[in-house]
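Novice: Supplied structure: start-v3.cif, mmCIF, C-alpha atoms.
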```cif
data_work
#
loop_
_atom_site.label_atom_id
_atom_site.label_comp_id
_atom_site.auth_asym_id
_atom_site.auth_seq_id
_atom_site.Cartn_x
_atom_site.Cartn_y
_atom_site.Cartn_z
CA MET A 1 48.83 -39.07 -93.47
CA GLN A 2 50.55 -36.20 -95.26
CA GLU A 3 53.91 -37.89 -94.68
CA LEU A 4 52.62 -41.11 -96.29
CA VAL A 5 51.31 -39.24 -99.32
CA ALA A 6 54.53 -37.26 -99.62
CA GLN A 7 56.53 -40.48 -99.81
CA GLY A 8 54.34 -41.82 -102.60
CA VAL A 9 51.88 -44.01 -100.71
CA THR A 10 48.54 -44.13 -102.52
CA ARG A 11 45.08 -45.35 -101.67
CA GLY A 12 44.88 -49.13 -101.78
CA ASP A 13 48.56 -49.81 -101.02
CA ARG A 14 49.56 -52.43 -98.48
CA LEU A 15 51.67 -51.20 -95.56
CA GLY A 16 53.40 -52.80 -92.62
CA VAL A 17 53.54 -50.70 -89.44
CA VAL A 18 56.05 -51.56 -86.73
CA CYS A 19 54.03 -51.16 -83.54
CA GLY A 20 55.76 -49.57 -80.59
CA ARG A 21 54.28 -48.55 -77.28
CA GLY A 22 52.92 -45.04 -77.65
CA ALA A 23 51.12 -42.36 -79.61
CA ASP A 24 53.38 -42.47 -82.70
CA THR A 25 52.16 -45.96 -83.54
CA ILE A 26 48.52 -44.95 -83.10
CA VAL A 27 48.97 -41.99 -85.43
CA SER A 28 50.59 -44.21 -88.08
CA ILE A 29 47.84 -46.85 -87.86
CA LEU A 30 45.04 -44.30 -88.13
CA ALA A 31 46.80 -42.58 -91.06
CA VAL A 32 46.99 -45.90 -92.93
CA TYR A 33 43.24 -46.45 -92.47
CA GLU A 34 42.37 -42.85 -93.31
CA LEU A 35 44.27 -43.15 -96.58
CA GLY A 36 42.33 -46.30 -97.51
CA CYS A 37 45.32 -48.63 -97.33
CA ALA A 38 45.66 -52.13 -95.91
CA LEU A 39 47.53 -52.59 -92.62
CA LEU A 40 49.91 -55.29 -91.42
CA PRO A 41 50.81 -54.63 -87.74
CA LEU A 42 54.34 -55.82 -86.96
CA ALA A 43 55.90 -56.58 -83.58
CA GLU A 44 58.57 -54.08 -82.58
CA ASP A 45 60.75 -56.75 -80.97
CA ALA A 46 60.39 -59.37 -83.71
CA PRO A 47 63.64 -60.59 -85.33
CA ALA A 48 64.32 -58.87 -88.66
CA GLY A 49 63.99 -62.14 -90.56
CA ALA A 50 60.58 -62.94 -89.08
CA ARG A 51 59.36 -59.42 -89.82
CA GLU A 52 60.58 -59.62 -93.41
CA ARG A 53 58.78 -62.94 -93.94
CA LEU A 54 55.48 -61.45 -92.80
CA VAL A 55 55.96 -58.40 -95.03
CA ALA A 56 56.70 -60.68 -97.98
CA THR A 57 53.70 -62.90 -97.23
CA PHE A 58 51.40 -59.87 -97.10
CA ARG A 59 53.17 -58.46 -100.17
CA ALA A 60 53.31 -55.04 -98.58
CA ALA A 61 54.75 -52.18 -100.62
CA TRP A 62 55.80 -50.05 -97.64
CA VAL A 63 56.93 -50.36 -94.03
CA VAL A 64 56.48 -47.58 -91.46
CA GLU A 65 58.75 -47.57 -88.42
CA ALA A 66 59.24 -44.75 -85.92
CA GLY A 67 57.54 -42.33 -88.31
CA LYS A 68 59.80 -43.23 -91.24
CA VAL A 69 58.29 -44.65 -94.44
CA VAL A 70 60.39 -47.14 -96.41
CA ARG A 71 59.42 -48.65 -99.75
CA VAL A 72 60.07 -52.41 -99.71
CA VAL A 73 58.60 -53.38 -103.10
CA SER A 74 60.21 -52.00 -106.25
CA GLY A 75 58.40 -51.47 -109.53
CA ASP A 76 55.27 -49.64 -110.57
CA SER A 77 52.69 -52.33 -109.77
CA PRO A 78 52.64 -53.27 -106.08
CA VAL A 79 49.84 -55.61 -105.01
CA ALA A 80 46.63 -53.69 -104.35
CA ALA A 81 44.84 -54.13 -101.06
CA GLY A 82 41.55 -55.06 -102.72
CA PRO A 83 38.96 -55.86 -100.07
CA VAL A 84 41.63 -56.35 -97.39
CA ALA A 85 41.91 -53.72 -94.65
CA LEU A 86 43.89 -55.59 -92.01
CA ALA A 87 46.14 -58.65 -91.73
CA LEU A 88 46.62 -60.19 -88.29
CA ALA A 89 49.27 -62.79 -87.54
CA SER A 90 47.74 -65.88 -85.99
CA SER A 91 48.99 -69.34 -85.19
CA GLY A 92 46.56 -70.35 -82.44
CA SER A 93 48.34 -72.73 -80.05
CA THR A 94 49.87 -74.79 -82.84
CA GLY A 95 51.07 -74.41 -86.38
CA SER A 96 53.25 -71.85 -88.09
CA PRO A 97 52.28 -68.16 -88.13
CA LYS A 98 49.72 -67.17 -90.74
CA LEU A 99 47.90 -63.97 -91.63
CA ALA A 100 44.15 -63.65 -91.21
CA LEU A 101 42.87 -61.18 -93.82
CA VAL A 102 40.07 -58.87 -92.66
CA SER A 103 37.89 -56.60 -94.81
CA ARG A 104 36.69 -53.13 -93.82
CA GLU A 105 33.15 -54.42 -93.29
CA GLN A 106 34.43 -57.21 -91.04
CA LEU A 107 36.60 -54.74 -89.15
CA ARG A 108 33.60 -52.46 -88.52
CA ALA A 109 31.57 -55.44 -87.31
CA ARG A 110 34.36 -56.40 -84.91
CA ARG A 111 34.56 -52.84 -83.59
CA ASP A 112 30.80 -52.73 -83.01
CA MET A 113 30.87 -56.07 -81.19
CA TYR A 114 33.79 -54.92 -79.06
CA VAL A 115 32.00 -51.71 -78.08
CA SER A 116 28.73 -53.46 -77.23
CA ARG A 117 30.58 -56.12 -75.26
CA HIS A 118 32.38 -53.66 -73.01
CA GLU A 119 29.93 -50.78 -72.67
CA SER A 120 32.81 -48.30 -72.95
CA SER A 121 32.28 -44.59 -73.40
CA SER A 122 34.16 -41.33 -73.85
CA ALA A 123 34.41 -41.09 -70.07
CA ASP A 124 36.59 -44.22 -69.86
CA ARG A 125 40.37 -44.41 -69.73
CA THR A 126 41.73 -47.79 -70.81
CA LEU A 127 45.15 -49.13 -69.94
CA VAL A 128 46.80 -50.64 -73.04
CA ASN A 129 48.35 -53.93 -71.96
CA PHE A 130 48.38 -55.61 -75.35
CA PRO A 131 50.99 -54.92 -78.01
CA LEU A 132 49.22 -53.04 -80.80
CA HIS A 133 50.34 -55.63 -83.34
CA HIS A 134 48.22 -58.20 -81.48
CA ALA A 135 44.55 -58.67 -82.36
CA GLY A 136 43.52 -57.68 -78.84
CA GLY A 137 45.49 -54.45 -79.01
CA MET A 138 44.24 -53.59 -82.50
CA HIS A 139 40.56 -54.15 -81.69
CA LEU A 140 40.97 -52.22 -78.43
CA LEU A 141 42.51 -49.29 -80.29
CA LEU A 142 39.81 -49.07 -82.96
CA ALA A 143 36.96 -49.42 -80.48
CA SER A 144 38.41 -46.82 -78.10
CA VAL A 145 38.98 -44.31 -80.90
CA SER A 146 35.44 -44.76 -82.23
CA GLU A 147 34.00 -44.24 -78.74
CA GLY A 148 36.30 -41.34 -77.87
CA ALA A 149 37.71 -43.22 -74.86
CA GLY A 150 41.18 -42.37 -73.60
CA LEU A 151 44.14 -44.73 -73.94
CA VAL A 152 46.86 -44.93 -71.28
CA PHE A 153 50.24 -46.63 -71.85
CA ALA A 154 52.13 -48.00 -68.88
CA PRO A 155 55.97 -47.79 -69.11
CA ASN A 156 56.14 -51.59 -68.73
CA SER A 157 53.95 -54.56 -67.79
CA HIS A 158 55.29 -55.19 -64.29
CA PRO A 159 52.31 -55.54 -61.92
CA ARG A 160 53.50 -52.75 -59.63
CA THR A 161 53.81 -50.42 -62.62
CA VAL A 162 50.31 -51.41 -63.78
CA VAL A 163 48.80 -50.71 -60.36
CA ARG A 164 50.62 -47.39 -60.03
CA THR A 165 49.65 -46.27 -63.55
CA CYS A 166 46.00 -47.16 -62.97
CA ALA A 167 45.95 -45.06 -59.81
CA ASP A 168 47.92 -42.11 -61.20
CA GLN A 169 46.14 -41.91 -64.58
CA GLY A 170 42.56 -42.57 -63.45
CA VAL A 171 42.25 -45.79 -65.46
CA THR A 172 38.72 -47.23 -65.52
CA LEU A 173 39.13 -50.31 -67.77
CA LEU A 174 41.94 -52.85 -67.44
CA PRO A 175 42.19 -55.40 -70.26
CA GLY A 176 45.11 -57.80 -70.32
CA PRO A 177 46.38 -61.32 -70.92
CA VAL A 178 46.01 -64.07 -68.33
CA THR A 179 49.61 -63.64 -67.23
CA LEU A 180 48.92 -60.06 -66.11
CA PHE A 181 46.23 -61.15 -63.67
CA GLU A 182 48.31 -64.07 -62.43
CA LEU A 183 51.15 -61.63 -61.69
CA LEU A 184 48.84 -59.10 -60.04
CA VAL A 185 47.58 -61.83 -57.71
CA ARG A 186 51.11 -63.04 -56.97
CA HIS A 187 52.37 -59.54 -56.16
CA HIS A 188 49.21 -58.48 -54.34
CA SER A 189 49.73 -56.47 -51.17
CA ASP A 190 47.73 -54.14 -48.97
CA ASP A 191 47.70 -51.44 -51.68
CA ALA A 192 44.84 -53.19 -53.50
CA THR A 193 42.82 -49.99 -53.16
CA SER A 194 45.07 -48.59 -55.90
CA LEU A 195 42.75 -50.31 -58.38
CA GLU A 196 39.55 -49.06 -56.78
CA GLY A 197 38.92 -46.66 -59.69
CA LEU A 198 38.44 -49.53 -62.15
CA ARG A 199 34.97 -50.39 -63.39
CA PHE A 200 36.16 -53.85 -64.41
CA ALA A 201 39.13 -55.83 -65.70
CA ARG A 202 39.02 -58.15 -68.70
CA SER A 203 41.14 -61.20 -69.46
CA THR A 204 41.65 -62.41 -73.02
CA ALA A 205 44.14 -64.14 -75.38
CA ALA A 206 44.03 -67.41 -73.38
CA ASN A 207 41.70 -69.35 -71.12
CA LEU A 208 41.52 -67.83 -67.62
CA PRO A 209 41.84 -70.46 -64.84
CA LEU A 210 39.04 -70.38 -62.30
CA GLU A 211 41.58 -70.15 -59.47
CA THR A 212 43.10 -66.99 -60.94
CA HIS A 213 39.66 -65.42 -61.38
CA ARG A 214 38.71 -66.14 -57.78
CA ALA A 215 42.04 -64.96 -56.36
CA PHE A 216 41.93 -61.68 -58.32
CA THR A 217 38.33 -60.80 -57.48
CA GLU A 218 38.88 -61.63 -53.81
CA ALA A 219 42.10 -59.60 -53.61
CA PHE A 220 40.98 -56.52 -55.54
CA ARG A 221 37.18 -56.60 -55.23
CA ILE A 222 36.84 -55.72 -58.93
CA PRO A 223 34.84 -57.66 -61.55
CA LEU A 224 37.10 -59.69 -63.84
CA TRP A 225 35.51 -60.67 -67.14
CA GLN A 226 36.72 -63.48 -69.35
CA SER A 227 36.61 -62.81 -73.09
CA TYR A 228 37.10 -65.34 -75.86
CA GLY A 229 38.06 -64.33 -79.37
CA ALA A 230 40.55 -64.85 -82.18
CA SER A 231 42.43 -63.00 -84.91
CA GLU A 232 40.16 -64.79 -87.37
CA THR A 233 36.90 -63.49 -85.84
CA GLY A 234 37.39 -60.74 -83.31
CA GLY A 235 35.23 -61.29 -80.22
CA ILE A 236 33.27 -64.53 -79.79
CA CYS A 237 32.10 -64.93 -76.18
CA ASN A 238 32.12 -62.93 -72.97
CA ASN A 239 31.68 -63.97 -69.32
CA ARG A 240 30.85 -61.01 -67.11
CA SER A 241 29.33 -62.90 -64.18
CA GLY A 242 32.16 -65.29 -63.34
CA ALA A 243 29.94 -68.28 -64.09
CA ALA A 244 31.72 -71.60 -63.72
CA HIS A 245 30.95 -75.31 -63.93
CA GLY A 246 32.95 -78.38 -62.95
CA GLY A 247 35.98 -76.35 -61.92
CA ARG A 248 36.09 -74.41 -65.22
CA LEU A 249 35.40 -70.72 -65.70
CA ALA A 250 32.96 -70.22 -68.57
CA LEU A 251 34.06 -68.54 -71.76
CA GLY A 252 30.60 -67.01 -71.57
CA GLU A 253 27.73 -66.46 -73.93
CA PRO A 254 28.18 -65.50 -77.59
CA LEU A 255 28.25 -61.82 -78.46
CA GLU A 256 25.34 -60.33 -80.37
CA GLY A 257 25.39 -61.56 -83.96
CA VAL A 258 27.75 -64.46 -83.17
CA GLU A 259 26.70 -68.09 -83.54
CA VAL A 260 28.76 -70.82 -81.86
CA ARG A 261 28.21 -74.53 -82.46
CA VAL A 262 29.96 -77.50 -80.83
CA CYS A 263 30.54 -80.16 -83.48
CA ASP A 264 31.92 -83.68 -83.71
CA GLU A 265 34.58 -84.76 -86.21
CA ARG A 266 31.95 -85.15 -88.94
CA GLY A 267 30.62 -81.63 -88.42
CA ALA A 268 27.38 -82.68 -86.69
CA GLU A 269 26.30 -80.46 -83.81
CA LEU A 270 26.60 -82.13 -80.42
CA PRO A 271 23.93 -82.03 -77.71
CA GLU A 272 24.20 -80.07 -74.46
CA GLY A 273 27.34 -81.01 -72.54
CA GLY A 274 29.04 -82.80 -75.44
CA VAL A 275 32.69 -81.90 -76.01
CA GLY A 276 33.70 -81.09 -79.58
CA GLU A 277 35.22 -78.42 -81.80
CA MET A 278 33.76 -74.93 -81.47
CA VAL A 279 32.70 -73.54 -84.85
CA VAL A 280 31.96 -69.81 -85.16
CA ARG A 281 29.88 -67.86 -87.65
CA SER A 282 29.74 -64.07 -87.33
CA PRO A 283 30.05 -60.84 -89.35
CA GLY A 284 33.64 -60.63 -88.13
CA VAL A 285 34.94 -63.91 -89.60
CA ALA A 286 37.96 -63.11 -91.79
CA LEU A 287 38.11 -63.49 -95.56
CA GLY A 288 40.76 -66.20 -95.30
CA TYR A 289 44.51 -66.54 -94.87
CA ALA A 290 47.61 -65.26 -96.60
CA GLY A 291 50.57 -67.59 -96.59
CA SER A 292 50.40 -70.69 -94.43
CA SER A 293 47.07 -72.23 -93.53
CA ASP A 294 48.65 -74.84 -91.25
CA GLY A 295 47.58 -75.31 -87.67
CA GLY A 296 44.55 -76.54 -85.82
CA SER A 297 42.10 -73.90 -87.08
CA ARG A 298 40.67 -72.99 -90.48
CA ILE A 299 38.23 -70.67 -92.25
CA GLN A 300 35.72 -72.36 -94.52
CA ASP A 301 32.36 -71.32 -96.01
CA GLY A 302 32.19 -68.19 -93.86
CA CYS A 303 32.80 -70.14 -90.63
CA PHE A 304 35.82 -70.25 -88.36
CA PHE A 305 36.71 -73.76 -87.20
CA THR A 306 38.60 -72.80 -84.08
CA GLY A 307 40.46 -76.02 -83.30
CA ASP A 308 39.34 -75.38 -79.71
CA LEU A 309 37.40 -78.07 -77.89
CA GLY A 310 34.40 -76.82 -75.95
CA ALA A 311 31.03 -77.71 -74.50
CA ARG A 312 27.75 -75.81 -74.17
CA ILE A 313 26.01 -75.90 -70.78
CA ASP A 314 22.97 -73.73 -70.00
CA GLY A 315 23.73 -71.35 -72.85
CA LEU A 316 27.35 -70.81 -71.84
CA PHE A 317 30.46 -72.22 -73.50
CA TYR A 318 33.38 -73.87 -71.70
CA PHE A 319 36.91 -74.43 -72.99
CA HIS A 320 38.26 -78.02 -73.02
CA GLY A 321 41.63 -77.59 -74.72
CA ARG A 322 43.02 -77.65 -78.25
CA SER A 323 42.16 -80.60 -80.48
CA LYS A 324 45.66 -80.76 -81.96
CA LEU A 325 47.30 -80.76 -78.53
CA MET A 326 45.51 -83.74 -77.02
CA ILE A 327 47.83 -86.53 -75.84
CA ASN A 328 46.75 -90.13 -76.44
CA VAL A 329 47.75 -92.27 -73.45
CA GLY A 330 46.68 -95.83 -74.08
CA GLY A 331 43.55 -94.70 -75.87
CA LEU A 332 42.68 -92.12 -73.20
CA LYS A 333 42.91 -88.42 -74.13
CA VAL A 334 44.85 -85.95 -71.95
CA ASP A 335 44.37 -82.20 -72.24
CA PRO A 336 47.84 -80.70 -71.58
CA ILE A 337 46.33 -77.35 -70.59
CA GLU A 338 44.42 -79.02 -67.73
CA VAL A 339 47.62 -80.65 -66.44
CA GLU A 340 49.52 -77.36 -66.75
CA GLU A 341 46.94 -75.60 -64.61
CA VAL A 342 47.36 -78.21 -61.88
CA LEU A 343 51.16 -77.96 -61.97
CA ARG A 344 51.04 -74.17 -61.64
CA ARG A 345 49.06 -74.53 -58.44
CA HIS A 346 52.10 -76.11 -56.75
CA PRO A 347 53.71 -73.41 -54.58
CA LEU A 348 57.19 -74.02 -56.03
CA VAL A 349 56.19 -74.02 -59.71
CA GLU A 350 56.68 -70.73 -61.55
CA ASP A 351 55.61 -71.94 -65.00
CA ALA A 352 54.72 -75.20 -66.71
CA ALA A 353 54.15 -76.77 -70.10
CA VAL A 354 52.94 -80.28 -70.87
CA VAL A 355 53.80 -82.23 -74.01
CA SER A 356 53.61 -85.74 -75.39
CA HIS A 357 56.61 -88.08 -75.09
CA ALA A 358 56.85 -91.29 -77.08
CA SER A 359 58.34 -93.97 -74.85
CA ALA A 360 59.38 -97.42 -76.01
CA ILE A 361 55.98 -98.75 -74.98
CA ARG A 362 53.44 -95.94 -75.46
CA GLU A 363 52.81 -92.23 -75.50
CA VAL A 364 53.15 -90.63 -72.05
CA VAL A 365 52.74 -87.19 -70.50
CA LYS A 366 55.84 -85.08 -69.98
CA ALA A 367 55.98 -81.90 -67.89
CA ILE A 368 58.44 -79.08 -68.56
CA VAL A 369 58.57 -76.82 -65.52
CA VAL A 370 60.21 -73.69 -64.15
CA THR A 371 60.52 -73.74 -60.36
CA ARG A 372 61.29 -71.10 -57.75
CA GLU A 373 63.67 -73.50 -56.00
CA PRO A 374 64.82 -77.10 -56.58
CA VAL A 375 62.14 -79.76 -56.21
CA ALA A 376 62.21 -83.49 -56.89
CA PRO A 377 60.23 -84.74 -59.92
CA GLU A 378 58.46 -87.25 -57.68
CA VAL A 379 57.06 -84.41 -55.57
CA LEU A 380 55.40 -82.85 -58.61
CA MET A 381 54.10 -86.20 -59.84
CA ASP A 382 52.59 -86.92 -56.43
CA PHE A 383 51.01 -83.44 -56.35
CA CYS A 384 49.38 -84.06 -59.74
CA SER A 385 48.14 -87.50 -58.71
CA ARG A 386 45.96 -85.88 -56.02
CA GLU A 387 43.94 -83.96 -58.62
CA LEU A 388 44.30 -85.90 -61.85
CA ALA A 389 43.46 -89.36 -63.15
CA PRO A 390 46.44 -91.77 -63.35
CA HIS A 391 46.79 -91.47 -67.14
CA GLN A 392 46.99 -87.64 -66.83
CA VAL A 393 49.88 -87.60 -64.35
CA PRO A 394 53.27 -86.70 -65.92
CA ARG A 395 55.68 -89.64 -66.11
CA LEU A 396 58.62 -87.43 -67.00
CA VAL A 397 59.62 -84.01 -65.62
CA GLU A 398 62.14 -81.68 -67.27
CA PHE A 399 63.37 -78.53 -65.53
CA ARG A 400 64.19 -75.33 -67.42
CA ALA A 401 65.15 -71.76 -66.54
CA ALA A 402 62.28 -70.32 -68.61
CA LEU A 403 59.60 -71.30 -71.13
CA PRO A 404 59.22 -69.64 -74.54
CA ARG A 405 56.38 -67.14 -74.41
CA ASN A 406 55.38 -64.35 -76.79
CA ALA A 407 54.72 -60.67 -76.05
CA ILE A 408 51.32 -61.36 -74.47
CA GLY A 409 52.53 -64.31 -72.42
CA LYS A 410 51.14 -67.04 -74.68
CA LEU A 411 53.16 -70.25 -74.63
CA GLU A 412 54.97 -70.88 -77.93
CA ARG A 413 54.66 -74.64 -78.02
CA ALA A 414 56.53 -75.04 -81.31
CA ARG A 415 59.69 -73.82 -79.49
CA LEU A 416 59.47 -76.34 -76.64
#
```
The structure in this file should be written as structure tokens.
Specialist:
Amino acid sequence: MQELVAQGVTRGDRLGVVCGRGADTIVSILAVYELGCALLPLAEDAPAGARERLVATFRAAWVVEAGKVVRVVSGDSPVAAGPVALALASSGSTGSPKLALVSREQLRARRDMYVSRHESSSADRTLVNFPLHHAGGMHLLLASVSEGAGLVFAPNSHPRTVVRTCADQGVTLLPGPVTLFELLVRHHSDDATSLEGLRFARSTAANLPLETHRAFTEAFRIPLWQSYGASETGGICNNRSGAAHGGRLALGEPLEGVEVRVCDERGAELPEGGVGEMVVRSPGVALGYAGSSDGGSRIQDGCFFTGDLGARIDGLFYFHGRSKLMINVGGLKVDPIEVEEVLRRHPLVEDAAVVSHASAIREVVKAIVVTREPVAPEVLMDFCSRELAPHQVPRLVEFRAALPRNAIGKLERARL
């Protein structure tokens, strides 16, 4: 904090902090908060142009990188933070990146919900698997610091490194994106006891397939929770029990103080089992957006309209895809995420994405896949036809070397 003050940073300024993997970033983030400034976490590996656009959108006066403070706004009147304490980049599954603006009161509410959700304590040691610029990493950091829990950084995210770090550093909590648990299952061997010190693992940032949950818990004999949240709200739901229905793992029940409704296109709440948009009201809902407000989600009247389709069954919520992603095949709706999950179950498929393709006659389903070895498109189509309705089966298959994914493994559909 003394370094910030020495460079001319004053209370209420807006700062961007380039978030690396380690203690220097944590010190910088905490110094920004201690000084009463507003924080914009920035990805360390982001292209310079993308980083500059976010800084300009937030109208930050300073950027901190590797302990160095650089003024990026000239003049005597930089934009004051006002009620804003944190800006988190969010695009959901669609739309251009935008910044969700969070107040200090909302940030405290998110921290409290995070702590109550995970029952962490000063005795815990948590492995940091999220980049600190990501909402999951930021909320994890603030909650751990407030509880006095230890943070452990692995050198990289390779599953063998994660397992070894957990064993060597006495890790008790393992949060991570879905891709981490898929990789841990894929690389599982007889050294599963290396994770025996964990109290539980927690998946977030994307919907966890039921097959991955079952494979992980069977291989490692450790509870794997599914958490559902967003940059716009913080935590929303949590599934500790592994409850499932109709082949879907539940997102879980709402956290304390969180209200979730499933609504139709007119905003009317749907009855039990009805599929509609999930709308969230909680103390953690952000003030609004800076910059773009495009995409499938929005903040309005203190509520977060997630753009996620869901259903409520016996008090638990289930994910049914993104409303903006649905493919219309002859009047029948196809959830691309459901088709992707089926494709990934094929033993030769490494990764998969499903998009709409406009043929000369109608809209059809197209699969973009990464395979471990060559495979005929007809083989994948036949595999899908065993588990999906005819209108859901891909009619086109494109092969690629890799799919565009961000730092936490989330598919960047705009780059497909």
Novice: Using the chain letters and residue numbers of this document, give as a VMD selection string the residues selected by the PyMOL selection byres ((chain A and resi 410) around 10).
Specialist: chain A and resid 92 to 93 177 to 179 205 to 206 404 to 409 411 to 413
Novice: Using all atoms listed in the file, which residues sit within 10 Å of Val9 in chain A once same-chain residues fewer than 4 positions away are excluded, as a list in words?
Specialist: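 These residues fall inside the cut-off: Met1, Gln2, Glu3, Leu4, Val5, Asp13, Arg14, Leu15, Val32, Leu35, Cys37, Ala61, Trp62, Val69 and Arg71 of chain A.
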Novice: Given the PyMOL selection byres ((chain A and resi 373-387) around 10) and the file above, list the residues it selects as a PDB file with C-alpha atoms, in the coordinates of the input.
Specialist:
```pdb
ATOM      1  CA  VAL A 339      47.620 -80.650 -66.440  1.00  0.00           C
ATOM      2  CA  GLU A 340      49.520 -77.360 -66.750  1.00  0.00           C
ATOM      3  CA  VAL A 342      47.360 -78.210 -61.880  1.00  0.00           C
ATOM      4  CA  LEU A 343      51.160 -77.960 -61.970  1.00  0.00           C
ATOM      5  CA  ARG A 345      49.060 -74.530 -58.440  1.00  0.00           C
ATOM      6  CA  HIS A 346      52.100 -76.110 -56.750  1.00  0.00           C
ATOM      7  CA  LEU A 348      57.190 -74.020 -56.030  1.00  0.00           C
ATOM      8  CA  VAL A 349      56.190 -74.020 -59.710  1.00  0.00           C
ATOM      9  CA  GLU A 350      56.680 -70.730 -61.550  1.00  0.00           C
ATOM     10  CA  ALA A 367      55.980 -81.900 -67.890  1.00  0.00           C
ATOM     11  CA  VAL A 369      58.570 -76.820 -65.520  1.00  0.00           C
ATOM     12  CA  VAL A 370      60.210 -73.690 -64.150  1.00  0.00           C
ATOM     13  CA  THR A 371      60.520 -73.740 -60.360  1.00  0.00           C
ATOM     14  CA  ARG A 372      61.290 -71.100 -57.750  1.00  0.00           C
ATOM     15  CA  LEU A 388      44.300 -85.900 -61.850  1.00  0.00           C
ATOM     16  CA  ALA A 389      43.460 -89.360 -63.150  1.00  0.00           C
ATOM     17  CA  PRO A 390      46.440 -91.770 -63.350  1.00  0.00           C
ATOM     18  CA  HIS A 391      46.790 -91.470 -67.140  1.00  0.00           C
ATOM     19  CA  GLN A 392      46.990 -87.640 -66.830  1.00  0.00           C
ATOM     20  CA  VAL A 393      49.880 -87.600 -64.350  1.00  0.00           C
ATOM     21  CA  PRO A 394      53.270 -86.700 -65.920  1.00  0.00           C
ATOM     22  CA  ARG A 395      55.680 -89.640 -66.110  1.00  0.00           C
ATOM     23  CA  LEU A 396      58.620 -87.430 -67.000  1.00  0.00           C
ATOM     24  CA  VAL A 397      59.620 -84.010 -65.620  1.00  0.00           C
ATOM     25  CA  GLU A 398      62.140 -81.680 -67.270  1.00  0.00           C
ATOM     26  CA  PHE A 399      63.370 -78.530 -65.530  1.00  0.00           C
TER      27      PHE A 399
END
```
Novice: Selected by the PyMOL selection byres ((chain A and resi 21) around 12) in the shown coordinates: which residues, as a VMD selection string?
Specialist: chain A and resid 18 to 20 22 to 27 43 to 45 66 127 to 133 137 151 to 157
Novice: For Val262 in chain A, please output as a short mmCIF file (atom, residue, chain, number, x, y, z; two decimals) with C-alpha atoms, in the frame of the given file all residues within 6 Å (counting only C-alpha atoms; exclusion window: fewer than 2 positions along the same chain).
Specialist:
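Output contents, as saved in around.cif:
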```
data_model
loop_
_atom_site.label_atom_id
_atom_site.label_comp_id
_atom_site.auth_asym_id
_atom_site.auth_seq_id
_atom_site.Cartn_x
_atom_site.Cartn_y
_atom_site.Cartn_z
CA GLU A 269 26.30 -80.46 -83.81
CA LEU A 270 26.60 -82.13 -80.42
CA GLY A 276 33.70 -81.09 -79.58
CA GLU A 277 35.22 -78.42 -81.80
CA MET A 278 33.76 -74.93 -81.47
#
```
Novice: In Å, with one decimal, what is the gap from CA of Ala352 in chain A to CA of Val364 in chain A?
Specialist: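 These atoms are spaced 16.4 Å apart.
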Novice: Looking at only C-alpha atoms, which of A:Ser116, A:His187, A:Thr126, A:Glu147 is the one that sits closest to Gln169 in chain A?
Specialist: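 Closest to Gln169 in chain A, using only C-alpha atoms: A:Thr126.
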Novice: Using all atoms listed in the file, what table do you get, as CSV, when you list each residue of range 200-255 of chain A with an atom no more than 9 Å from range 99-103 of chain A, its nearest pair of atoms, and their distance in Å rounded to one decimal, rows by chain then rising number?
Specialist:
```
residue,atom,partner,partner_atom,distance
A:Ser231,CA,A:Ala100,CA,6.6
A:Glu232,CA,A:Ala100,CA,5.7
A:Thr233,CA,A:Val102,CA,8.8
```
Novice: At what distance in Å, to one decimal, does CA of Leu208 in chain A lie from CA of Gly247 in chain A?
Specialist: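 Rounded to one decimal, the two atoms are 11.7 Å apart.
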Novice: Any idea what's packed within 7 Å of Leu255 in chain A, counting only C-alpha atoms, ignoring anything in its chain fewer than 3 positions away? Could you give it as a VMD selection string?
Specialist: chain A and resid 113 117 236 to 238 258
Novice: Can you pull out the residues contacting range 243-245 of chain A? Cut-off 9 Å, using all atoms listed in the file, and skip same-chain residues under 6 positions away; I want them as a ChimeraX atom specification.
Specialist: /A:210,251-252,313,316,318
Novice: Step by step: start from the point (43.2, -54.5, -57.6) in the file's coordinates, keep every protein, DNA or RNA residue that has an atom no farther than 8 Å from it, count all atoms listed in the file, and write the set as number ranges by chain.
Specialist: A: 163, 184, 188, 192-196, 216-217, 219-222
Novice: Which value, in Å to one decimal, gives the distance between CA of Asp168 in chain A and CA of Glu182 in chain A?
Specialist: 22.0 Å
Novice: Which one is closest to Ala89 in chain A: A:Val280, A:Val63, A:Leu141, A:Ala230? Count only C-alpha atoms.
Specialist: A:Ala230
